[in-house]
Each structure stands twice: as C-alpha cells, then as structure tokens.
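query_13.cif (mmCIF, C-alpha atoms) appears below.
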data_upload
loop_
_atom_site.group_PDB
_atom_site.id
_atom_site.type_symbol
_atom_site.label_atom_id
_atom_site.label_comp_id
_atom_site.auth_asym_id
_atom_site.auth_seq_id
_atom_site.Cartn_x
_atom_site.Cartn_y
_atom_site.Cartn_z
ATOM 1 C CA MET A 123 -10.704 48.346 -31.078
ATOM 2 C CA THR A 124 -10.416 45.240 -28.882
ATOM 3 C CA THR A 125 -12.419 43.122 -31.317
ATOM 4 C CA LYS A 126 -10.292 44.200 -34.254
ATOM 5 C CA MET A 127 -7.043 43.384 -32.468
ATOM 6 C CA HIS A 128 -8.353 39.988 -31.426
ATOM 7 C CA SER A 129 -9.340 39.250 -35.028
ATOM 8 C CA CYS A 130 -5.836 40.090 -36.263
ATOM 9 C CA ARG A 131 -4.280 37.842 -33.640
ATOM 10 C CA VAL A 132 -6.442 34.911 -34.685
ATOM 11 C CA MET A 133 -5.592 35.390 -38.361
ATOM 12 C CA ALA A 134 -1.875 35.416 -37.563
ATOM 13 C CA LYS A 135 -1.788 32.493 -35.154
ATOM 14 C CA ALA A 136 -4.698 30.166 -35.800
ATOM 15 C CA ARG A 137 -3.582 26.737 -36.942
ATOM 16 C CA PRO A 138 -5.178 25.693 -40.244
ATOM 17 C CA GLY A 139 -7.401 22.630 -40.332
ATOM 18 C CA ALA A 140 -6.339 19.005 -40.624
ATOM 19 C CA MET A 141 -4.826 17.798 -43.874
ATOM 20 C CA PRO A 142 -5.928 14.721 -45.845
ATOM 21 C CA LEU A 143 -3.918 11.523 -45.737
ATOM 22 C CA PRO A 144 -3.901 8.904 -48.509
ATOM 23 C CA VAL A 145 -6.115 5.881 -48.088
ATOM 24 C CA ARG A 146 -3.230 3.726 -49.308
ATOM 25 C CA GLN A 147 -0.674 3.591 -46.509
ATOM 26 C CA ASP A 148 1.963 1.941 -48.734
ATOM 27 C CA VAL A 149 2.438 5.120 -50.789
ATOM 28 C CA HIS A 150 5.306 7.406 -49.823
ATOM 29 C CA ALA A 151 6.260 10.858 -51.077
ATOM 30 C CA PHE A 152 9.942 11.646 -50.786
ATOM 31 C CA THR A 153 12.368 14.516 -50.533
ATOM 32 C CA LYS A 154 14.456 14.845 -53.704
ATOM 33 C CA PRO A 155 18.173 13.934 -53.529
ATOM 34 C CA GLN A 156 19.114 17.540 -54.369
ATOM 35 C CA VAL A 157 17.384 18.731 -51.189
ATOM 36 C CA PHE A 158 19.528 16.388 -49.108
ATOM 37 C CA ASP A 159 22.583 17.929 -50.791
ATOM 38 C CA GLN A 160 21.355 21.432 -49.935
ATOM 39 C CA TRP A 161 20.763 20.456 -46.316
ATOM 40 C CA ALA A 162 24.202 18.836 -46.055
ATOM 41 C CA ALA A 163 25.828 21.983 -47.444
ATOM 42 C CA ASP A 164 23.929 24.632 -45.480
ATOM 43 C CA ALA A 165 22.186 23.161 -42.448
ATOM 44 C CA ALA A 166 23.912 19.956 -41.329
ATOM 45 C CA GLY A 167 24.849 20.020 -37.672
ATOM 46 C CA VAL A 168 22.831 23.127 -36.748
ATOM 47 C CA ARG A 169 21.398 22.617 -33.295
ATOM 48 C CA ALA A 170 19.752 24.659 -30.529
ATOM 49 C CA LEU A 171 21.836 25.747 -27.573
ATOM 50 C CA GLU A 172 19.064 25.239 -25.022
ATOM 51 C CA ARG A 173 16.821 22.299 -24.253
ATOM 52 C CA GLY A 174 13.807 21.914 -21.993
ATOM 53 C CA ASP A 175 11.225 19.447 -20.724
ATOM 54 C CA ASN A 176 8.650 20.864 -23.129
ATOM 55 C CA VAL A 177 10.925 20.850 -26.208
ATOM 56 C CA ILE A 178 10.555 18.443 -29.138
ATOM 57 C CA THR A 179 13.601 18.328 -31.423
ATOM 58 C CA MET A 180 13.358 17.360 -35.080
ATOM 59 C CA PHE A 181 16.946 17.134 -36.327
ATOM 60 C CA ASP A 182 16.363 14.228 -38.696
ATOM 61 C CA VAL A 183 14.427 13.143 -41.761
ATOM 62 C CA VAL A 184 10.641 12.853 -41.672
ATOM 63 C CA GLY A 185 9.524 9.234 -41.531
ATOM 64 C CA GLU A 186 11.364 6.133 -40.353
ATOM 65 C CA ASP A 187 14.970 6.228 -41.572
ATOM 66 C CA TYR A 188 16.589 2.946 -42.549
ATOM 67 C CA TRP A 189 20.109 4.401 -42.596
ATOM 68 C CA SER A 190 20.218 5.975 -39.140
ATOM 69 C CA GLY A 191 17.636 3.855 -37.343
ATOM 70 C CA GLY A 192 15.902 7.115 -36.408
ATOM 71 C CA GLY A 193 13.542 9.466 -38.195
ATOM 72 C CA ILE A 194 10.645 11.681 -37.144
ATOM 73 C CA THR A 195 7.286 9.898 -37.012
ATOM 74 C CA ALA A 196 3.769 10.805 -35.936
ATOM 75 C CA LYS A 197 3.859 7.971 -33.402
ATOM 76 C CA LYS A 198 6.997 9.374 -31.729
ATOM 77 C CA VAL A 199 5.677 12.940 -31.715
ATOM 78 C CA ALA A 200 2.348 11.832 -30.226
ATOM 79 C CA ALA A 201 4.222 10.005 -27.440
ATOM 80 C CA GLN A 202 6.341 13.098 -26.728
ATOM 81 C CA LEU A 203 3.246 15.300 -26.553
ATOM 82 C CA ARG A 204 1.618 12.901 -24.093
ATOM 83 C CA ALA A 205 4.737 13.059 -21.918
ATOM 84 C CA ILE A 206 4.792 16.881 -22.035
ATOM 85 C CA GLY A 207 1.116 17.082 -21.147
ATOM 86 C CA ASP A 208 -1.127 20.124 -21.110
ATOM 87 C CA GLN A 209 1.504 22.844 -21.411
ATOM 88 C CA PRO A 210 3.027 24.958 -24.203
ATOM 89 C CA VAL A 211 5.408 23.150 -26.561
ATOM 90 C CA GLU A 212 8.523 24.317 -28.372
ATOM 91 C CA LEU A 213 9.354 22.515 -31.607
ATOM 92 C CA GLN A 214 12.928 22.838 -32.912
ATOM 93 C CA ILE A 215 13.306 21.882 -36.576
ATOM 94 C CA ASN A 216 16.326 21.261 -38.770
ATOM 95 C CA SER A 217 15.207 18.740 -41.354
ATOM 96 C CA PRO A 218 15.437 18.216 -45.118
ATOM 97 C CA GLY A 219 11.996 16.619 -45.025
ATOM 98 C CA GLY A 220 11.323 13.064 -46.100
ATOM 99 C CA ASP A 221 7.978 11.284 -46.396
ATOM 100 C CA MET A 222 5.383 13.993 -47.074
ATOM 101 C CA PHE A 223 2.485 11.876 -45.871
ATOM 102 C CA GLU A 224 4.239 11.210 -42.552
ATOM 103 C CA GLY A 225 4.775 14.964 -42.346
ATOM 104 C CA ILE A 226 1.048 15.529 -42.807
ATOM 105 C CA ALA A 227 0.304 13.004 -40.049
ATOM 106 C CA ILE A 228 2.719 14.812 -37.701
ATOM 107 C CA TYR A 229 1.148 18.166 -38.579
ATOM 108 C CA ASN A 230 -2.296 16.763 -37.757
ATOM 109 C CA VAL A 231 -1.040 15.460 -34.381
ATOM 110 C CA LEU A 232 0.543 18.811 -33.470
ATOM 111 C CA ARG A 233 -2.470 20.917 -34.407
ATOM 112 C CA GLU A 234 -4.552 18.990 -31.851
ATOM 113 C CA HIS A 235 -2.280 20.004 -28.975
ATOM 114 C CA PRO A 236 -4.381 22.119 -26.561
ATOM 115 C CA GLN A 237 -1.612 24.594 -25.698
ATOM 116 C CA GLU A 238 0.467 26.968 -27.797
ATOM 117 C CA VAL A 239 3.029 25.421 -30.140
ATOM 118 C CA THR A 240 6.096 27.535 -30.939
ATOM 119 C CA VAL A 241 8.130 26.377 -33.930
ATOM 120 C CA LYS A 242 11.792 27.340 -34.286
ATOM 121 C CA VAL A 243 13.432 26.632 -37.654
ATOM 122 C CA MET A 244 17.062 26.186 -36.623
ATOM 123 C CA GLY A 245 18.619 25.363 -40.007
ATOM 124 C CA MET A 246 16.137 24.155 -42.600
ATOM 125 C CA ALA A 247 12.499 23.109 -42.769
ATOM 126 C CA ALA A 248 12.222 21.661 -46.249
ATOM 127 C CA SER A 249 9.530 19.668 -47.993
ATOM 128 C CA ALA A 250 7.630 17.585 -45.412
ATOM 129 C CA ALA A 251 9.322 19.496 -42.586
ATOM 130 C CA SER A 252 7.822 22.757 -43.875
ATOM 131 C CA ILE A 253 4.382 21.197 -43.506
ATOM 132 C CA ILE A 254 5.153 20.301 -39.886
ATOM 133 C CA ALA A 255 6.322 23.868 -39.247
ATOM 134 C CA MET A 256 2.917 25.216 -40.252
ATOM 135 C CA ALA A 257 1.410 23.596 -37.118
ATOM 136 C CA GLY A 258 2.993 26.320 -35.001
ATOM 137 C CA ASP A 259 0.928 29.087 -33.431
ATOM 138 C CA ARG A 260 4.140 31.077 -33.684
ATOM 139 C CA ILE A 261 6.959 30.336 -36.129
ATOM 140 C CA GLU A 262 10.460 31.719 -35.651
ATOM 141 C CA ILE A 263 13.298 31.177 -38.119
ATOM 142 C CA GLY A 264 17.030 31.838 -38.183
ATOM 143 C CA ALA A 265 18.312 34.583 -40.463
ATOM 144 C CA ALA A 266 20.513 32.041 -42.254
ATOM 145 C CA SER A 267 17.870 29.299 -42.117
ATOM 146 C CA PHE A 268 15.616 28.204 -44.961
ATOM 147 C CA LEU A 269 12.059 27.085 -45.478
ATOM 148 C CA MET A 270 11.448 25.182 -48.721
ATOM 149 C CA ILE A 271 8.131 24.297 -50.360
ATOM 150 C CA HIS A 272 7.516 22.159 -53.439
ATOM 151 C CA ASN A 273 4.997 19.812 -55.000
ATOM 152 C CA CYS A 274 4.567 16.264 -53.773
ATOM 153 C CA TRP A 275 7.441 14.179 -55.184
ATOM 154 C CA VAL A 276 7.082 10.440 -55.700
ATOM 155 C CA MET A 277 8.840 7.750 -57.676
ATOM 156 C CA ALA A 278 6.622 5.807 -60.068
ATOM 157 C CA VAL A 279 7.077 3.367 -62.946
ATOM 158 C CA GLY A 280 4.736 2.386 -65.735
ATOM 159 C CA ASN A 281 3.337 3.501 -69.058
ATOM 160 C CA ARG A 282 1.716 6.830 -69.929
ATOM 161 C CA HIS A 283 -1.631 5.692 -68.542
ATOM 162 C CA ASP A 284 0.011 4.831 -65.223
ATOM 163 C CA MET A 285 1.748 8.231 -65.157
ATOM 164 C CA ALA A 286 -1.507 10.043 -65.899
ATOM 165 C CA GLU A 287 -3.202 8.141 -63.082
ATOM 166 C CA THR A 288 -0.368 9.035 -60.698
ATOM 167 C CA SER A 289 -0.592 12.693 -61.665
ATOM 168 C CA GLU A 290 -4.333 12.723 -61.062
ATOM 169 C CA TRP A 291 -3.874 10.964 -57.723
ATOM 170 C CA LEU A 292 -1.280 13.505 -56.535
ATOM 171 C CA ALA A 293 -3.226 16.641 -57.502
ATOM 172 C CA PRO A 294 -5.454 16.805 -54.377
ATOM 173 C CA PHE A 295 -2.431 16.579 -52.073
ATOM 174 C CA ASP A 296 -0.638 19.406 -53.876
ATOM 175 C CA GLN A 297 -3.820 21.463 -53.579
ATOM 176 C CA ALA A 298 -4.067 20.637 -49.873
ATOM 177 C CA MET A 299 -0.534 21.982 -49.394
ATOM 178 C CA VAL A 300 -1.406 25.134 -51.337
ATOM 179 C CA ASP A 301 -4.410 25.652 -49.078
ATOM 180 C CA LEU A 302 -2.324 25.052 -45.937
ATOM 181 C CA TYR A 303 0.461 27.471 -46.888
ATOM 182 C CA ALA A 304 -2.046 30.077 -48.051
ATOM 183 C CA ALA A 305 -4.043 29.848 -44.816
ATOM 184 C CA ARG A 306 -0.901 30.191 -42.717
ATOM 185 C CA SER A 307 0.777 32.962 -44.726
ATOM 186 C CA GLY A 308 -2.147 34.949 -46.110
ATOM 187 C CA GLN A 309 -0.627 34.736 -49.606
ATOM 188 C CA LYS A 310 -2.724 34.116 -52.714
ATOM 189 C CA PRO A 311 -3.123 30.406 -53.519
ATOM 190 C CA ALA A 312 -2.029 31.058 -57.125
ATOM 191 C CA ASP A 313 1.258 32.528 -55.875
ATOM 192 C CA ILE A 314 1.772 29.624 -53.492
ATOM 193 C CA ALA A 315 1.224 27.162 -56.353
ATOM 194 C CA LYS A 316 3.861 28.935 -58.466
ATOM 195 C CA TRP A 317 6.367 28.830 -55.611
ATOM 196 C CA MET A 318 5.711 25.128 -55.161
ATOM 197 C CA ASP A 319 6.118 24.497 -58.897
ATOM 198 C CA ALA A 320 9.483 26.278 -58.760
ATOM 199 C CA GLU A 321 10.632 24.431 -55.601
ATOM 200 C CA THR A 322 11.188 27.643 -53.670
ATOM 201 C CA TYR A 323 13.704 28.188 -50.874
ATOM 202 C CA MET A 324 12.887 31.122 -48.599
ATOM 203 C CA SER A 325 15.500 32.685 -46.336
ATOM 204 C CA GLY A 326 14.521 33.747 -42.846
ATOM 205 C CA SER A 327 13.691 37.305 -43.900
ATOM 206 C CA GLN A 328 11.791 36.115 -46.983
ATOM 207 C CA ALA A 329 9.761 33.652 -44.922
ATOM 208 C CA ILE A 330 8.759 36.454 -42.555
ATOM 209 C CA GLU A 331 8.009 38.861 -45.395
ATOM 210 C CA ARG A 332 5.734 36.301 -47.040
ATOM 211 C CA GLY A 333 3.952 35.379 -43.816
ATOM 212 C CA PHE A 334 5.434 31.902 -43.302
ATOM 213 C CA ALA A 335 7.055 32.991 -40.022
ATOM 214 C CA GLU A 336 6.655 35.760 -37.447
ATOM 215 C CA ALA A 337 10.152 36.539 -36.199
ATOM 216 C CA LEU A 338 13.871 35.914 -36.618
ATOM 217 C CA LEU A 339 15.738 33.749 -34.148
ATOM 218 C CA SER A 340 18.757 35.410 -32.597
ATOM 219 C CA ALA A 341 22.095 33.885 -33.572
ATOM 220 C CA ASP A 342 22.940 33.105 -29.951
ATOM 221 C CA GLN A 343 20.139 30.516 -29.835
ATOM 222 C CA MET A 344 21.908 28.269 -32.340
ATOM 223 C CA THR A 345 25.231 26.521 -32.745
ATOM 224 C CA VAL A 346 26.873 24.089 -35.165
ATOM 225 C CA ASP A 347 27.770 20.747 -33.590
ATOM 226 C CA GLY A 348 30.808 19.428 -35.485
ATOM 227 C CA ASP A 349 30.157 15.771 -34.687
ATOM 228 C CA ALA A 350 26.482 16.094 -35.587
ATOM 229 C CA GLN A 351 27.426 17.883 -38.816
ATOM 230 C CA ALA A 352 29.730 15.060 -39.899
ATOM 231 C CA SER A 353 27.104 12.458 -39.032
ATOM 232 C CA ASP A 354 24.343 14.378 -40.841
ATOM 233 C CA ARG A 355 26.423 14.662 -43.993
ATOM 234 C CA ASN A 356 27.540 11.031 -44.027
ATOM 235 C CA VAL A 357 24.041 9.645 -43.601
ATOM 236 C CA ASN A 358 22.744 12.084 -46.229
ATOM 237 C CA GLU A 359 25.156 10.518 -48.723
ATOM 238 C CA LEU A 360 23.398 7.200 -48.160
ATOM 239 C CA ARG A 361 19.908 8.693 -48.417
ATOM 240 C CA ALA A 362 20.759 10.554 -51.622
ATOM 241 C CA MET A 363 22.346 7.476 -53.168
ATOM 242 C CA GLU A 364 19.326 5.344 -52.307
ATOM 243 C CA LEU A 365 16.981 7.794 -54.046
ATOM 244 C CA GLN A 366 19.296 8.095 -57.059
ATOM 245 C CA LEU A 367 19.282 4.329 -57.496
ATOM 246 C CA CYS A 368 15.508 4.206 -57.083
ATOM 247 C CA CYS A 369 15.180 6.878 -59.775
ATOM 248 C CA SER A 370 17.156 4.604 -62.080
ATOM 249 C CA GLY A 371 14.516 1.913 -61.658
ATOM 250 C CA MET A 372 15.679 -0.123 -58.655
ATOM 251 C CA SER A 373 13.385 -1.046 -55.815
ATOM 252 C CA ARG A 374 14.277 0.439 -52.423
ATOM 253 C CA THR A 375 15.231 -3.026 -51.175
ATOM 254 C CA ASP A 376 17.615 -3.589 -54.086
ATOM 255 C CA ALA A 377 19.048 -0.069 -53.784
ATOM 256 C CA ARG A 378 19.802 -0.569 -50.095
ATOM 257 C CA ALA A 379 21.365 -3.964 -50.749
ATOM 258 C CA ARG A 380 23.587 -2.463 -53.469
ATOM 259 C CA ILE A 381 24.740 0.387 -51.211
ATOM 260 C CA ASN A 382 25.424 -1.950 -48.304
ATOM 261 C CA LYS A 383 27.496 -4.141 -50.635
ATOM 262 C CA ILE A 384 29.564 -1.149 -51.792
ATOM 263 C CA LYS A 385 30.273 0.132 -48.287
ATOM 264 C CA GLY A 386 30.380 -3.288 -46.669
ATOM 265 C CA THR A 387 34.114 -3.866 -47.097
ATOM 266 C CA PRO A 388 35.954 -5.719 -44.297
ATOM 267 C CA GLY A 389 36.252 -3.461 -41.263
ATOM 268 C CA ALA A 390 33.929 -0.836 -42.768
ATOM 269 C CA ALA A 391 31.234 -1.106 -40.099
ATOM 270 C CA ILE A 392 31.070 -2.035 -36.468
ATOM 271 C CA GLU A 393 29.484 -5.412 -35.870
ATOM 272 C CA ASN A 394 25.772 -5.079 -35.018
ATOM 273 C CA ALA A 395 25.893 -1.334 -35.704
ATOM 274 C CA THR A 396 22.812 0.351 -37.077
ATOM 275 C CA PRO A 397 22.761 0.880 -40.869
ATOM 276 C CA GLY A 398 25.089 3.740 -41.749
ATOM 277 C CA ALA A 399 27.133 3.575 -38.537
ATOM 278 C CA GLY A 400 30.922 3.261 -38.648
ATOM 279 C CA ASP A 401 31.061 3.146 -42.438
ATOM 280 C CA ASP A 402 33.869 3.368 -44.965
ATOM 281 C CA TRP A 403 32.722 5.989 -47.492
ATOM 282 C CA THR A 404 35.438 5.785 -50.147
ATOM 283 C CA GLY A 405 33.606 3.620 -52.675
ATOM 284 C CA LEU A 406 30.232 5.200 -51.999
ATOM 285 C CA SER A 407 31.459 8.773 -52.427
ATOM 286 C CA ALA A 408 32.997 7.941 -55.807
ATOM 287 C CA LEU A 409 29.808 6.256 -57.000
ATOM 288 C CA LEU A 410 27.623 9.135 -55.826
ATOM 289 C CA SER A 411 29.868 11.621 -57.645
ATOM 290 C CA ALA A 412 29.439 9.581 -60.835
ATOM 291 C CA PHE A 413 25.651 9.712 -60.490
ATOM 292 C CA ARG A 414 25.707 13.502 -60.031
ATOM 293 C CA SER A 415 27.972 14.178 -63.009
#
Spell out the structure here as structure tokens.
Amino acid sequence: MTTKMHSCRVMAKARPGAMPLPVRQDVHAFTKPQVFDQWAADAAGVRALERGDNVITMFDVVGEDYWSGGGITAKKVAAQLRAIGDQPVELQINSPGGDMFEGIAIYNVLREHPQEVTVKVMGMAASAASIIAMAGDRIEIGAASFLMIHNCWVMAVGNRHDMAETSEWLAPFDQAMVDLYAARSGQKPADIAKWMDAETYMSGSQAIERGFAEALLSADQMTVDGDAQASDRNVNELRAMELQLCCSGMSRTDARARINKIKGTPGAAIENATPGAGDDWTGLSALLSAFRS
C-alpha cells in the first residue's frame, strides 16, 4: 500500500527532464500577436494579493522586453533562486509568453531547484509561460485563468527551400514540448500534439481535468490592479504592433523605429523614459486597428 501511494505521488509531482535548447542563440520563437490581445482582454492586471521572501513573480513577457525594459529571463530567475536559497519556492505567473527558447531555459533552471516549486497561474500562462509552469512540483490555477499551448512560432523569410528547412529545424522542439506536456499531464502525446496544432486555451477546470494542474486557486488569492492593467494593455499594443510589422517583412529594428516615430510626437514621452513609458497612443491605436481589420 505504501509503495503504491508513493509511486502515484511521484507520477503526479515529478518534474520532467531538461528540455533541449537551440545551438543557435540568435534564433527566437515568439508569442503570436493574437495571444497578446487575449492576455490584454482577459488577464491584464491580474496580480496576487500576497507576497513573500520565497516568491518569484512573473507578470511580464518571457525574454528581454524592449518596450518595458523588463521581461522574464533565465538569468534573472537564476539570481532570484540563489537569493531564496535552499527552501521551497512559489512561482506566480501571469504572462502571455514570449521567447519560447528563453522559456525553455527558465524551465531548465527551475527544475534544478532542490526544494519544492509551487506554481500559481494567476491570470494566464500562455505559450512560453506554459512551459515554465510545467517546472512546478505542484501547479495551481485560477478558475478564470488560462493555460495555452501551441507549436513553436517563428518569423522567417525566404523561398520554399528555406521554409522547408525552417520546418525541419522546428520539428524537434515541437516534439520536445509534446513530450514535456505529456509527461506532466499523463495525456497521450498524440492528443497533446493535436491541442498544440489547434493552439488550445484551457480554463482552470480544463487544465486540472487534463492533468496540467492539480488544484484551483481561491478567488481571494487574486486581485486586479487597475494601474497594472492599464500598463499591461498599453505595452501589449506596442508588442503586438511590432510583431505585426515583422510579419509584413520588416526587421525588428525597423519595426521598432517605425513605432517610435508614430508615437514620438512632441510631449508624447517623458525625457529619458524607458521605451513605452509616458506614451501618446492615438496614432498607434489607429494604425494597429488598421492592421487587425
């Protein structure tokens, strides 16, 4: 009886193995603009009511973020874990994702922590953030929160041979995600692959039913910060616009320069402010609406 119970506990809580990272460090896999829209609509501003010395908060995009000057990186998470030391960790997540490969690096850092890691999905853990969530020994999720999984999404240019090469290059990383989600949830890899193909959003109850989380967070553990919500949504407009312009063929440098020109009207930003701070959004909002129509 004791052995059987121990076996079940290990199956439910054991962290899967490390995930592969690309040899080329200049390759980035992004969150789609539509996911930023979903996060802005449903999860912007959601925060935890309580903080602690052993809590790591991830209320941002995954990877360094040009527009806010922030972002969640493996380097930052590793430094926070060193400061926390050899004790249990609570990870609070509300993120639309970002750079998938940075998410994998963060997952690999977290899975090496010697003590229990409890993940709490406060609003959304989408794309790369869903990978990070899988590092938890225990995963809790809000009833109105979402976990989203999809295939690796990159922007590439070239002819059909280049596209075929890109597709072949991406396949092992999609398979690695299938294996990770299957190991954590106990679902069949074929079902996981279909959910990823369909870009699947799971509510809190669905995530628990499918084995991606263990328990629901109570509503009194979360709140919506109005100022944070406004900030989240404004910066998301910039991120979504940047990706839309990149999809049209611009480089990221050119896309950022174009956006800064549009919003850089006199008095639109505080001198020496970080990108995205104190902006005038009138021209940008109109342009983004045109792209979406």
- Query: Can you list, as a list in words, every protein, DNA or RNA residue that comes within 7 Å of Asn216 in chain A when you count only C-alpha atoms, leaving out same-chain residues fewer than 4 positions away?
  - Reply: Met180, Phe181, Val243, Met244, Gly245, Met246 and Ala247 of chain A
With C-alpha atoms kept, could you save the residues just selected as a PDB file, in the coordinates of the input?
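Wrote it out as again-v6.pdb, contents follow:
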ATOM      1  CA  MET A 180      13.358  17.360 -35.080  1.00  0.00           C
ATOM      2  CA  PHE A 181      16.946  17.134 -36.327  1.00  0.00           C
ATOM      3  CA  VAL A 243      13.432  26.632 -37.654  1.00  0.00           C
ATOM      4  CA  MET A 244      17.062  26.186 -36.623  1.00  0.00           C
ATOM      5  CA  GLY A 245      18.619  25.363 -40.007  1.00  0.00           C
ATOM      6  CA  MET A 246      16.137  24.155 -42.600  1.00  0.00           C
ATOM      7  CA  ALA A 247      12.499  23.109 -42.769  1.00  0.00           C
TER       8      ALA A 247
END
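Among the candidates A:Gly308, A:Gly258, A:Pro138, A:Gly219, the one nearest to His272 in chain A when counting all atoms listed in the file is A:Gly219.
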| Could you spell out the hits of the PyMOL selection byres ((chain A and resi 238) around 9) on the shown file, as a ChimeraX atom specification? | /A:209-212,235-237,239-240,258-260
Using all atoms listed in the file, the shortest atom-to-atom distance to Arg169 in chain A among A:Ile215, A:Met222, A:Ala362, A:Ile330 belongs to A:Ile215
If you count all atoms listed in the file, the residue of A:Phe295, A:Tyr188, A:Tyr303, A:Phe223 closest to Arg137 in chain A turns out to be A:Tyr303
Put range 253-277 of chain A into a file with N, CA and C atoms, as a PDB file, in the first residue's frame.
ATOM      1  N   ILE A 253       5.290  26.535 -20.631  1.00  0.00           N
ATOM      2  CA  ILE A 253       6.455  25.666 -20.462  1.00  0.00           C
ATOM      3  C   ILE A 253       7.050  25.875 -19.075  1.00  0.00           C
ATOM      4  N   ILE A 254       7.209  27.140 -18.685  1.00  0.00           N
ATOM      5  CA  ILE A 254       7.750  27.459 -17.364  1.00  0.00           C
ATOM      6  C   ILE A 254       6.891  26.840 -16.272  1.00  0.00           C
ATOM      7  N   ALA A 255       5.562  26.912 -16.451  1.00  0.00           N
ATOM      8  CA  ALA A 255       4.648  26.380 -15.436  1.00  0.00           C
ATOM      9  C   ALA A 255       4.865  24.900 -15.185  1.00  0.00           C
ATOM     10  N   MET A 256       5.289  24.171 -16.211  1.00  0.00           N
ATOM     11  CA  MET A 256       5.464  22.726 -16.073  1.00  0.00           C
ATOM     12  C   MET A 256       6.618  22.360 -15.143  1.00  0.00           C
ATOM     13  N   ALA A 257       7.430  23.340 -14.731  1.00  0.00           N
ATOM     14  CA  ALA A 257       8.539  23.072 -13.805  1.00  0.00           C
ATOM     15  C   ALA A 257       8.043  22.904 -12.372  1.00  0.00           C
ATOM     16  N   GLY A 258       6.771  23.181 -12.131  1.00  0.00           N
ATOM     17  CA  GLY A 258       6.249  23.086 -10.777  1.00  0.00           C
ATOM     18  C   GLY A 258       6.052  21.649 -10.316  1.00  0.00           C
ATOM     19  N   ASP A 259       6.376  21.391  -9.044  1.00  0.00           N
ATOM     20  CA  ASP A 259       6.011  20.111  -8.436  1.00  0.00           C
ATOM     21  C   ASP A 259       4.506  20.078  -8.201  1.00  0.00           C
ATOM     22  N   ARG A 260       3.950  21.255  -7.955  1.00  0.00           N
ATOM     23  CA  ARG A 260       2.511  21.407  -7.796  1.00  0.00           C
ATOM     24  C   ARG A 260       2.100  22.639  -8.594  1.00  0.00           C
ATOM     25  N   ILE A 261       1.024  22.510  -9.370  1.00  0.00           N
ATOM     26  CA  ILE A 261       0.548  23.615 -10.192  1.00  0.00           C
ATOM     27  C   ILE A 261      -0.891  23.926  -9.795  1.00  0.00           C
ATOM     28  N   GLU A 262      -1.130  25.163  -9.398  1.00  0.00           N
ATOM     29  CA  GLU A 262      -2.465  25.630  -9.071  1.00  0.00           C
ATOM     30  C   GLU A 262      -2.851  26.712 -10.068  1.00  0.00           C
ATOM     31  N   ILE A 263      -4.139  26.809 -10.387  1.00  0.00           N
ATOM     32  CA  ILE A 263      -4.591  27.731 -11.417  1.00  0.00           C
ATOM     33  C   ILE A 263      -5.933  28.332 -11.022  1.00  0.00           C
ATOM     34  N   GLY A 264      -6.129  29.597 -11.343  1.00  0.00           N
ATOM     35  CA  GLY A 264      -7.393  30.257 -11.046  1.00  0.00           C
ATOM     36  C   GLY A 264      -8.518  29.710 -11.909  1.00  0.00           C
ATOM     37  N   ALA A 265      -9.728  29.729 -11.381  1.00  0.00           N
ATOM     38  CA  ALA A 265     -10.877  29.224 -12.129  1.00  0.00           C
ATOM     39  C   ALA A 265     -11.076  29.994 -13.422  1.00  0.00           C
ATOM     40  N   ALA A 266     -10.795  31.295 -13.399  1.00  0.00           N
ATOM     41  CA  ALA A 266     -10.954  32.131 -14.589  1.00  0.00           C
ATOM     42  C   ALA A 266      -9.631  32.331 -15.328  1.00  0.00           C
ATOM     43  N   SER A 267      -8.602  31.605 -14.924  1.00  0.00           N
ATOM     44  CA  SER A 267      -7.297  31.705 -15.576  1.00  0.00           C
ATOM     45  C   SER A 267      -7.214  30.738 -16.752  1.00  0.00           C
ATOM     46  N   PHE A 268      -6.167  30.905 -17.564  1.00  0.00           N
ATOM     47  CA  PHE A 268      -5.997  30.069 -18.738  1.00  0.00           C
ATOM     48  C   PHE A 268      -4.567  29.564 -18.841  1.00  0.00           C
ATOM     49  N   LEU A 269      -4.446  28.385 -19.390  1.00  0.00           N
ATOM     50  CA  LEU A 269      -3.152  27.845 -19.804  1.00  0.00           C
ATOM     51  C   LEU A 269      -3.257  27.549 -21.299  1.00  0.00           C
ATOM     52  N   MET A 270      -2.332  28.070 -22.081  1.00  0.00           N
ATOM     53  CA  MET A 270      -2.406  27.904 -23.540  1.00  0.00           C
ATOM     54  C   MET A 270      -1.150  27.216 -24.063  1.00  0.00           C
ATOM     55  N   ILE A 271      -1.350  26.217 -24.930  1.00  0.00           N
ATOM     56  CA  ILE A 271      -0.227  25.527 -25.559  1.00  0.00           C
ATOM     57  C   ILE A 271      -0.376  25.608 -27.072  1.00  0.00           C
ATOM     58  N   HIS A 272       0.744  25.742 -27.755  1.00  0.00           N
ATOM     59  CA  HIS A 272       0.742  25.752 -29.224  1.00  0.00           C
ATOM     60  C   HIS A 272       2.121  25.356 -29.725  1.00  0.00           C
ATOM     61  N   ASN A 273       2.229  25.216 -31.035  1.00  0.00           N
ATOM     62  CA  ASN A 273       3.509  24.881 -31.649  1.00  0.00           C
ATOM     63  C   ASN A 273       4.440  26.096 -31.624  1.00  0.00           C
ATOM     64  N   CYS A 274       5.704  25.819 -31.726  1.00  0.00           N
ATOM     65  CA  CYS A 274       6.721  26.868 -31.788  1.00  0.00           C
ATOM     66  C   CYS A 274       6.420  27.803 -32.963  1.00  0.00           C
ATOM     67  N   TRP A 275       6.404  29.102 -32.694  1.00  0.00           N
ATOM     68  CA  TRP A 275       6.015  30.103 -33.695  1.00  0.00           C
ATOM     69  C   TRP A 275       7.180  31.053 -33.931  1.00  0.00           C
ATOM     70  N   VAL A 276       7.671  31.062 -35.175  1.00  0.00           N
ATOM     71  CA  VAL A 276       8.780  31.942 -35.525  1.00  0.00           C
ATOM     72  C   VAL A 276       8.400  32.755 -36.755  1.00  0.00           C
ATOM     73  N   MET A 277       9.178  33.777 -37.006  1.00  0.00           N
ATOM     74  CA  MET A 277       9.026  34.556 -38.235  1.00  0.00           C
ATOM     75  C   MET A 277      10.232  34.277 -39.117  1.00  0.00           C
TER      76      MET A 277
END
